[in-house]
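Undergrad: Quick one: structure below, then a few questions.
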Amino acid sequence: MRPPRSAIAIRHVAFEDLGLLAPIMERAGWSVSFCDAPVDDLSDRAIRDADLLVVLGGPIGAYETDTYPFLSTELALLEHRLRRGLPTLGICLGAQLMAQALGGRVFPGKVKEIGWGPIDLTPEGKSSCLRNLHTKVLHWHGDTFDLPKDAVRLGSNANYENQAFAWGRNALALQFHLEADPRQLEEWYVGHAVELSAAKVSIPELRATTQALARPVATQAEQVFGDWLLSIAPIDGVLHFSAGA
């Protein structure tokens, strides 16, 4: 029997976790450990060399390294993994950190996106794991980024040109929350209450839309993440399995 593959998920706030991605990874044979970026040692070799690293979202900017010094260590970690082709998935803040680690600029955007909306796939996106994006996704960000050199843009929308990119075969960055579990978003409504109020977002309306989309968003998360996990290429000394096995 093949041993579980090692994945580490980096959280920035406790309630922004793997969500729908957790059971998908479990079924695909991944053993997941968590670390909390503000307090854990991100330079630990077990994190640096994990078979897969998932960097989750959070309500801070990738560029706020003076205010949150741990971000400098996190950026160094991402640069190490990305330059070596080690499998890495970034979501929202995680995607922005990946862009910055690759030399892209991260900066406040022209509009805060909070709520369910579409993604327009590029031709490259339509031939990637994102081809299974058939319904709206959850946007929850105010920052954006320039596309890093050699990255492949996979998706955009009316507000932001860069919503998803791939870098090499083993790195995927999603500015939107494909992993968000509709059943757990009540925690987000509380944790981000000040932000929601400032943005004049109606929580009852957001809740109603979330409930209506619960089934299709779970299906598309299964398809997109499932396909991406199968596409990861083995790296000598890191992944001891065949990606299609």
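Residue numbering restarts at 1 for every chain of the structure tokens, chains are lettered A, B, ... in their displayed order, and ligands are numbered from 1 as they appear.
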Give the alpha helix (DSSP H) residues of stretch 6-173 of chain A, as assigned by DSSP on the backbone, as a ChimeraX atom specification.

TA: /A:21-27,45-48,70-83,93-101,123-126

Undergrad: Excluding stretch 124-128 of chain A and any residue of its chain fewer than 4 positions from it, enumerate the residues within 8 Å of it, using only C-alpha atoms, and give them as a ChimeraX atom specification.

TA: /A:152-155

Undergrad: Per residue of stretch 74-168 of chain A within 8 Å of stretch 177-192 of chain A, note the shortest atom pair and the distance in Å to one decimal, counting only C-alpha atoms, and order the rows by chain and increasing residue number, as JSON lines.

TA:
{"residue": "A:Ile91", "atom": "CA", "partner": "A:His177", "partner_atom": "CA", "distance": 6.5}
{"residue": "A:Cys92", "atom": "CA", "partner": "A:His177", "partner_atom": "CA", "distance": 6.6}
{"residue": "A:Val137", "atom": "CA", "partner": "A:Leu178", "partner_atom": "CA", "distance": 6.0}
{"residue": "A:Leu138", "atom": "CA", "partner": "A:His177", "partner_atom": "CA", "distance": 5.1}
{"residue": "A:His139", "atom": "CA", "partner": "A:His177", "partner_atom": "CA", "distance": 6.2}
{"residue": "A:Trp140", "atom": "CA", "partner": "A:His177", "partner_atom": "CA", "distance": 7.4}

Undergrad: Taking only C-alpha atoms into account, name the residue in A:Ser156, A:Ile47, A:Gln96, A:Gly142 that is nearest to A:Pro123.

TA: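 Closest to A:Pro123 of all the choices is A:Ser156.
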
Undergrad: Tell me which of A:Ile60, A:Leu196, A:Ala164, A:Ala7 sits closest to A:Ala28, counting only C-alpha atoms.

TA: A:Ala7

Undergrad: At a cut-off of 8 Å, using only C-alpha atoms, what residues contact A:Leu172? Leave out same-chain residues fewer than 5 positions from it and give the result as a list in words.

TA: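 The filter keeps Thr88, Leu89, Gly90, Ala95, Ala164, Phe165, Ala166 and Trp167 of chain A.
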
Undergrad: Create the file for the chosen residues now, containing C-alpha atoms and written as an mmCIF file, in the first residue's frame.

TA:
data_model
loop_
_atom_site.group_PDB
_atom_site.id
_atom_site.type_symbol
_atom_site.label_atom_id
_atom_site.label_comp_id
_atom_site.auth_asym_id
_atom_site.auth_seq_id
_atom_site.Cartn_x
_atom_site.Cartn_y
_atom_site.Cartn_z
ATOM 1 C CA THR A 88 2.725 24.659 -4.570
ATOM 2 C CA LEU A 89 -0.854 25.927 -4.518
ATOM 3 C CA GLY A 90 -1.687 29.483 -3.495
ATOM 4 C CA ALA A 95 -1.581 33.523 -4.789
ATOM 5 C CA ALA A 164 -5.242 32.840 -11.802
ATOM 6 C CA PHE A 165 -1.876 31.767 -13.128
ATOM 7 C CA ALA A 166 0.343 28.743 -13.517
ATOM 8 C CA TRP A 167 4.113 28.793 -13.174
#

Undergrad: Skipping near chain neighbours, those fewer than 3 positions away, what residues fall within 9 Å of A:His12 using only C-alpha atoms, listed as a PyMOL selection string?

TA: chain A and resi 15-17+35-38+55-60+93

Undergrad: Taking only C-alpha atoms into account, name the residue in A:Asp150, A:Asp120, A:Glu195, A:Asp40 that is nearest to A:Ala9.

TA: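 Under the stated criterion, the closest residue is A:Asp40.
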
Undergrad: A:Leu130: which residues within 9 Å, counting only C-alpha atoms, same-chain residues fewer than 6 positions away excluded, as JSON, numbers by chain?

TA: {"A": [121, 154, 155, 223, 224, 225, 227, 228]}

Undergrad: Env of stretch 206-215 of chain A: 7 Å cut, atoms = only C-alpha atoms, seq-sep filter 4 positions within chain, self excluded. Answer as an MDAnalysis selection string.

TA: chainID A and resid 115 182 202 219

Undergrad: Just the selected residues (N, CA and C atoms), exported as a short mmCIF file (atom, residue, chain, number, x, y, z; two decimals), in the first residue's frame, please.

TA:
data_model
loop_
_atom_site.label_atom_id
_atom_site.label_comp_id
_atom_site.auth_asym_id
_atom_site.auth_seq_id
_atom_site.Cartn_x
_atom_site.Cartn_y
_atom_site.Cartn_z
N GLY A 115 -17.79 38.56 -2.85
CA GLY A 115 -19.03 37.96 -3.31
C GLY A 115 -18.78 36.98 -4.45
N PRO A 182 -19.24 26.38 1.49
CA PRO A 182 -20.40 27.21 1.85
C PRO A 182 -20.89 26.99 3.27
N SER A 202 -24.04 43.13 2.00
CA SER A 202 -25.17 42.59 2.76
C SER A 202 -24.90 41.12 3.08
N THR A 219 -19.07 20.65 -6.53
CA THR A 219 -18.76 19.80 -7.68
C THR A 219 -17.57 20.34 -8.46
#

Undergrad: Could you pull the residues within 9 Å of A:Gly109, counting only C-alpha atoms, minus those fewer than 5 positions along the same chain, as JSON, numbers by chain?

TA: {"A": [141, 142, 143, 144, 145, 159, 160]}

Undergrad: For atom CA of A:Leu21 and atom CA of A:Val54, determine how far apart the two atoms are, in Å to one decimal place.

TA: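 So the answer is 10.1 Å.
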